[in-house]
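Dumped structure-v5.pdb below, it's PDB, C-alpha atoms, pLDDT in the B column:
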ATOM      1  CA  MET A   3     -10.525   9.396 -36.059  1.00 43.00           C
ATOM      2  CA  ARG A   4      -8.066   6.868 -37.462  1.00 42.00           C
ATOM      3  CA  LYS A   5      -5.149   8.710 -35.777  1.00 43.00           C
ATOM      4  CA  ILE A   6      -6.939   8.544 -32.415  1.00 40.00           C
ATOM      5  CA  LEU A   7      -7.527   4.787 -32.793  1.00 36.00           C
ATOM      6  CA  ILE A   8      -3.888   4.147 -33.771  1.00 38.00           C
ATOM      7  CA  SER A   9      -2.667   6.317 -30.872  1.00 39.00           C
ATOM      8  CA  GLY A  10      -4.892   4.398 -28.469  1.00 40.00           C
ATOM      9  CA  LEU A  11      -3.590   1.055 -29.712  1.00 35.00           C
ATOM     10  CA  LEU A  12       0.012   2.257 -29.418  1.00 38.00           C
ATOM     11  CA  LEU A  13      -0.593   3.409 -25.844  1.00 40.00           C
ATOM     12  CA  ALA A  14      -2.187   0.068 -24.947  1.00 41.00           C
ATOM     13  CA  ALA A  15       0.815  -1.757 -26.395  1.00 41.00           C
ATOM     14  CA  VAL A  16       3.245   0.498 -24.531  1.00 41.00           C
ATOM     15  CA  PHE A  17       1.640  -0.163 -21.160  1.00 42.00           C
ATOM     16  CA  SER A  18       1.149  -3.908 -21.600  1.00 42.00           C
ATOM     17  CA  ALA A  19       4.571  -4.909 -22.964  1.00 42.00           C
ATOM     18  CA  ASN A  20       7.622  -5.935 -20.969  1.00 51.00           C
ATOM     19  CA  PRO A  21      10.101  -4.374 -21.602  1.00 59.00           C
ATOM     20  CA  VAL A  22       8.103  -1.248 -22.193  1.00 58.00           C
ATOM     21  CA  TRP A  23       8.343   0.292 -25.654  1.00 58.00           C
ATOM     22  CA  ALA A  24       7.638   3.976 -25.944  1.00 59.00           C
ATOM     23  CA  LEU A  25       8.157   6.573 -28.634  1.00 61.00           C
ATOM     24  CA  ASP A  26      10.024   9.837 -28.335  1.00 59.00           C
ATOM     25  CA  SER A  27       8.594  12.974 -29.937  1.00 70.00           C
ATOM     26  CA  SER A  28      10.048  12.046 -33.347  1.00 75.00           C
ATOM     27  CA  GLY A  29       8.574   8.530 -33.325  1.00 75.00           C
ATOM     28  CA  THR A  30      11.899   6.835 -32.512  1.00 79.00           C
ATOM     29  CA  PRO A  31      11.481   3.843 -30.163  1.00 83.00           C
ATOM     30  CA  VAL A  32      12.631   4.158 -26.557  1.00 83.00           C
ATOM     31  CA  VAL A  33      13.006   0.946 -24.539  1.00 84.00           C
ATOM     32  CA  VAL A  34      12.233   1.051 -20.824  1.00 81.00           C
ATOM     33  CA  THR A  35      13.271  -2.115 -18.976  1.00 81.00           C
ATOM     34  CA  PRO A  36      12.090  -2.389 -15.353  1.00 83.00           C
ATOM     35  CA  LEU A  37      15.008  -3.400 -13.104  1.00 81.00           C
ATOM     36  CA  ALA A  38      13.461  -3.643  -9.648  1.00 83.00           C
ATOM     37  CA  SER A  39      10.298  -3.096  -7.668  1.00 89.00           C
ATOM     38  CA  ARG A  40      10.604  -3.624  -3.933  1.00 89.00           C
ATOM     39  CA  THR A  41       8.991  -2.436  -0.721  1.00 90.00           C
ATOM     40  CA  THR A  42      11.655  -3.765   1.671  1.00 91.00           C
ATOM     41  CA  THR A  43      15.412  -3.449   2.170  1.00 91.00           C
ATOM     42  CA  ALA A  44      17.942  -6.272   1.764  1.00 90.00           C
ATOM     43  CA  SER A  45      17.284  -7.275   5.378  1.00 90.00           C
ATOM     44  CA  GLY A  46      13.471  -7.148   5.073  1.00 91.00           C
ATOM     45  CA  GLN A  47      12.815  -3.714   6.599  1.00 90.00           C
ATOM     46  CA  PRO A  48      10.033  -1.584   5.099  1.00 88.00           C
ATOM     47  CA  ILE A  49      11.417   1.278   2.997  1.00 86.00           C
ATOM     48  CA  THR A  50      10.628   4.625   4.605  1.00 85.00           C
ATOM     49  CA  LEU A  51      11.683   8.103   3.552  1.00 82.00           C
ATOM     50  CA  PRO A  52      13.252  10.823   5.709  1.00 86.00           C
ATOM     51  CA  GLN A  53      10.636  12.918   7.511  1.00 86.00           C
ATOM     52  CA  LYS A  54      12.263  16.328   6.926  1.00 88.00           C
ATOM     53  CA  ASN A  55      13.319  17.989   3.675  1.00 92.00           C
ATOM     54  CA  VAL A  56      14.628  15.205   1.450  1.00 93.00           C
ATOM     55  CA  GLN A  57      17.875  15.614  -0.474  1.00 95.00           C
ATOM     56  CA  VAL A  58      18.838  13.131  -3.199  1.00 95.00           C
ATOM     57  CA  LEU A  59      22.568  12.381  -3.508  1.00 95.00           C
ATOM     58  CA  VAL A  60      23.898  10.444  -6.504  1.00 97.00           C
ATOM     59  CA  SER A  61      27.438   9.068  -6.670  1.00 96.00           C
ATOM     60  CA  THR A  62      29.520   6.330  -8.236  1.00 97.00           C
ATOM     61  CA  TYR A  63      31.751   3.884  -6.399  1.00 97.00           C
ATOM     62  CA  GLU A  64      34.589   1.784  -7.752  1.00 98.00           C
ATOM     63  CA  ILE A  65      35.752  -0.948  -5.372  1.00 97.00           C
ATOM     64  CA  ALA A  66      38.993  -2.768  -6.224  1.00 97.00           C
ATOM     65  CA  PRO A  67      39.141  -6.578  -6.347  1.00 97.00           C
ATOM     66  CA  GLY A  68      39.544  -8.011  -2.846  1.00 97.00           C
ATOM     67  CA  ALA A  69      38.734  -4.701  -1.113  1.00 97.00           C
ATOM     68  CA  THR A  70      36.460  -4.738   1.933  1.00 97.00           C
ATOM     69  CA  LEU A  71      34.632  -1.608   3.037  1.00 96.00           C
ATOM     70  CA  PRO A  72      34.719  -0.813   6.773  1.00 96.00           C
ATOM     71  CA  VAL A  73      31.757  -1.787   8.929  1.00 97.00           C
ATOM     72  CA  HIS A  74      29.177   0.958   8.518  1.00 97.00           C
ATOM     73  CA  ARG A  75      25.464   1.723   8.506  1.00 96.00           C
ATOM     74  CA  HIS A  76      23.083   4.079   6.750  1.00 96.00           C
ATOM     75  CA  PRO A  77      20.512   6.126   8.715  1.00 95.00           C
ATOM     76  CA  PHE A  78      18.518   6.834   5.518  1.00 95.00           C
ATOM     77  CA  PRO A  79      17.582   4.875   2.375  1.00 95.00           C
ATOM     78  CA  ARG A  80      20.393   3.972  -0.019  1.00 96.00           C
ATOM     79  CA  TYR A  81      19.940   2.311  -3.393  1.00 96.00           C
ATOM     80  CA  ALA A  82      22.693   0.963  -5.633  1.00 97.00           C
ATOM     81  CA  TYR A  83      22.818  -0.429  -9.147  1.00 97.00           C
ATOM     82  CA  VAL A  84      25.709  -2.815  -9.825  1.00 98.00           C
ATOM     83  CA  GLU A  85      27.204  -1.686 -13.130  1.00 98.00           C
ATOM     84  CA  ALA A  86      30.040  -4.237 -12.968  1.00 98.00           C
ATOM     85  CA  GLY A  87      31.525  -6.860 -10.665  1.00 98.00           C
ATOM     86  CA  THR A  88      30.445  -9.053  -7.773  1.00 98.00           C
ATOM     87  CA  LEU A  89      29.832  -7.649  -4.292  1.00 98.00           C
ATOM     88  CA  LYS A  90      29.114  -9.583  -1.107  1.00 98.00           C
ATOM     89  CA  VAL A  91      27.291  -7.562   1.572  1.00 98.00           C
ATOM     90  CA  THR A  92      27.219  -9.003   5.099  1.00 97.00           C
ATOM     91  CA  ASN A  93      24.973  -7.828   7.917  1.00 96.00           C
ATOM     92  CA  VAL A  94      27.441  -8.086  10.832  1.00 96.00           C
ATOM     93  CA  GLU A  95      24.573  -8.062  13.348  1.00 92.00           C
ATOM     94  CA  SER A  96      22.795 -11.129  11.934  1.00 95.00           C
ATOM     95  CA  GLY A  97      25.604 -12.755   9.929  1.00 96.00           C
ATOM     96  CA  ASN A  98      23.364 -12.928   6.837  1.00 96.00           C
ATOM     97  CA  SER A  99      24.979 -12.165   3.481  1.00 97.00           C
ATOM     98  CA  ASN A 100      23.748 -11.300   0.012  1.00 97.00           C
ATOM     99  CA  THR A 101      25.808 -11.448  -3.172  1.00 98.00           C
ATOM    100  CA  TYR A 102      25.105  -8.939  -5.936  1.00 98.00           C
ATOM    101  CA  LYS A 103      26.352  -9.162  -9.524  1.00 98.00           C
ATOM    102  CA  THR A 104      26.337  -6.951 -12.605  1.00 97.00           C
ATOM    103  CA  GLY A 105      22.786  -5.801 -13.317  1.00 96.00           C
ATOM    104  CA  ASP A 106      21.500  -6.287  -9.756  1.00 96.00           C
ATOM    105  CA  PHE A 107      19.751  -3.541  -7.824  1.00 96.00           C
ATOM    106  CA  ILE A 108      20.507  -3.204  -4.096  1.00 96.00           C
ATOM    107  CA  ILE A 109      18.216  -1.644  -1.508  1.00 95.00           C
ATOM    108  CA  GLU A 110      20.557  -1.373   1.448  1.00 95.00           C
ATOM    109  CA  MET A 111      19.563  -2.063   5.025  1.00 94.00           C
ATOM    110  CA  ILE A 112      18.819   0.999   7.166  1.00 95.00           C
ATOM    111  CA  GLY A 113      20.468   1.470  10.569  1.00 95.00           C
ATOM    112  CA  GLN A 114      22.073  -1.998  10.613  1.00 96.00           C
ATOM    113  CA  TRP A 115      25.844  -2.522  10.703  1.00 97.00           C
ATOM    114  CA  HIS A 116      27.177  -4.180   7.568  1.00 97.00           C
ATOM    115  CA  GLN A 117      30.195  -4.352   5.290  1.00 97.00           C
ATOM    116  CA  ALA A 118      30.809  -5.178   1.663  1.00 97.00           C
ATOM    117  CA  THR A 119      33.600  -7.078  -0.080  1.00 97.00           C
ATOM    118  CA  ASN A 120      34.465  -7.253  -3.749  1.00 98.00           C
ATOM    119  CA  ILE A 121      34.665 -11.014  -4.268  1.00 98.00           C
ATOM    120  CA  GLY A 122      35.200 -10.860  -8.036  1.00 97.00           C
ATOM    121  CA  ASP A 123      38.232 -10.619 -10.294  1.00 97.00           C
ATOM    122  CA  GLY A 124      37.549  -7.077 -11.500  1.00 97.00           C
ATOM    123  CA  PRO A 125      36.422  -3.833  -9.918  1.00 98.00           C
ATOM    124  CA  VAL A 126      32.887  -3.413  -8.618  1.00 98.00           C
ATOM    125  CA  LYS A 127      31.239  -0.343 -10.105  1.00 98.00           C
ATOM    126  CA  LEU A 128      28.141   1.020  -8.404  1.00 97.00           C
ATOM    127  CA  LEU A 129      25.731   3.833  -9.143  1.00 97.00           C
ATOM    128  CA  VAL A 130      24.518   4.885  -5.670  1.00 97.00           C
ATOM    129  CA  ILE A 131      21.454   6.979  -4.827  1.00 96.00           C
ATOM    130  CA  ASP A 132      20.880   8.232  -1.280  1.00 95.00           C
ATOM    131  CA  GLN A 133      17.758   9.900   0.107  1.00 95.00           C
ATOM    132  CA  VAL A 134      18.717  11.873   3.205  1.00 95.00           C
ATOM    133  CA  GLU A 135      17.438  14.723   5.314  1.00 94.00           C
ATOM    134  CA  GLU A 136      18.820  17.859   3.684  1.00 94.00           C
ATOM    135  CA  GLY A 137      22.464  18.409   4.652  1.00 92.00           C
ATOM    136  CA  ALA A 138      22.872  14.990   6.324  1.00 92.00           C
ATOM    137  CA  LYS A 139      25.375  12.271   5.472  1.00 92.00           C
ATOM    138  CA  ASN A 140      24.226   8.705   4.849  1.00 93.00           C
ATOM    139  CA  THR A 141      27.193   6.661   6.057  1.00 95.00           C
ATOM    140  CA  GLU A 142      28.273   6.181   9.665  1.00 95.00           C
ATOM    141  CA  LEU A 143      31.436   4.184  10.339  1.00 94.00           C
ATOM    142  CA  ARG A 144      31.543   1.894  13.362  1.00 94.00           C
ATOM    143  CA  GLN A 145      34.171   3.124  15.821  1.00 88.00           C
TER     144      GLN A 145
END
Represent the structure from my file as structure tokens, please.
Amino acid sequence: MRKILISGLLLAAVFSANPVWALDSSGTPVVVTPLASRTTTASGQPITLPQKNVQVLVSTYEIAPGATLPVHRHPFPRYAYVEAGTLKVTNVESGNSNTYKTGDFIIEMIGQWHQATNIGDGPVKLLVIDQVEEGAKNTELRQ
């Protein structure tokens, strides 16, 4: 009975703390720190998933200081975690810009033309996750 009570108290503590503390199977602490919770993209669009078979693509990007990516858009959701650097993303349709730094989470705009520039002194390192219809690409360059 005492083990059940202690387990219940531990579970209550795990789910009420921020950051979340959990235990692995050996009793060693595991820290879970929430980074983002959003329902809209960087430009305010609701996040929607592809309607056909979804494929998840994960990649890393390294963008040199001063580099500017070509104008492009994404037909499906794209998420990025900034591991290092400072990135300015500009929606070329509206002129609005957002600046992202190390530790930020980006939910990119869908179907809107934009470009990104490394405005920092060092490389920008991104962990990028795409959700696409199976077999599709998630970047279209403006011609």
Original post:
What does the distance from atom CA of Glu110 of chain A to atom CA of Pro79 of chain A come to in Å, to one decimal?
Top reply: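 Taking atom CA of Glu110 of chain A and atom CA of Pro79 of chain A, their separation equals 7.0 Å.
Of the residues listed (A:Val134, A:Ala38, A:Leu59, A:Val126), A:Val126 shows the shortest atom-to-atom separation from Tyr102 of chain A; distances use only C-alpha atoms.
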**OP:** Mind checking which residues fall within 6 Å of Ile121 of chain A, counting only C-alpha atoms, ignoring those fewer than 5 positions away in the same chain, and posting them as a list in words?
**Re:**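 Listed by chain and then number, they are Gly68, Thr88 and Leu89 of chain A.
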**OP:** Would you please work out which residue, of A:Arg40, A:Lys103, A:Lys139, A:His116, is nearest to Tyr81 of chain A when using all atoms listed in the file?
**Re:**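 Of the candidates, the smallest distance to Tyr81 of chain A is held by A:Arg40.
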Subject >> Pick from A:Thr119, A:Asn140, A:Asn93, A:Thr104 nearest to Thr43 of chain A, counting all atoms listed in the file >> reply: A:Asn93
Original post:
Applied to this file, what does the PyMOL selection byres ((chain A and resi 105) around 9) return in terms of residues, put as JSON, numbers by chain?
Top reply: {"A": [37, 83, 84, 85, 86, 102, 103, 104, 106, 107]}
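Across A:Glu135, A:Ala118, A:Ala66, A:Val130, the tightest approach to Asn100 of chain A is made by A:Ala118 when counting all atoms listed in the file.
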**OP:** Would you list the residues near (16.0, 17.3, 0.2) (no more than 7 Å away, in the coordinates of the file, using all atoms listed in the file) as a ChimeraX atom specification?
**Re:** /A:55-58,134-136
**OP:** Go through A:Ser39, A:Thr141, A:Thr50, A:Gln117 one by one, measure the shortest atom-to-atom distance of each to His76 of chain A using only C-alpha atoms, and give the residue with the smallest value.
**Re:**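 Using only C-alpha atoms, the shortest distance to His76 of chain A belongs to A:Thr141.
The gap separating atom CA of Gly137 of chain A from atom CA of Thr42 of chain A is 24.8 Å, in Å to one decimal.
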Subject >> Shell of 10 Å around Val94 of chain A, only C-alpha atoms, local chain residues under 5 positions omitted, as a ChimeraX atom specification >> reply: /A:73-74,99,114-117
**OP:** Determine the residue membership of the PyMOL selection byres ((chain A and resi 65) around 8) for the file above and supply it as a count of residues only.
**Re:** 9
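The gap separating atom CA of Thr35 of chain A from atom CA of Lys90 of chain A is 25.0 Å, in Å to one decimal.
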Would you compute the box with edges along x, y and z of the file around segment 140-144 of chain A, including every atom the file lists for it and 6 Å extra on each side, and give its centre and edge lengths in Å to one decimal, as AutoDock Vina command-line options?
--center_x 27.9 --center_y 5.3 --center_z 9.1 --size_x 19.3 --size_y 18.8 --size_z 20.5
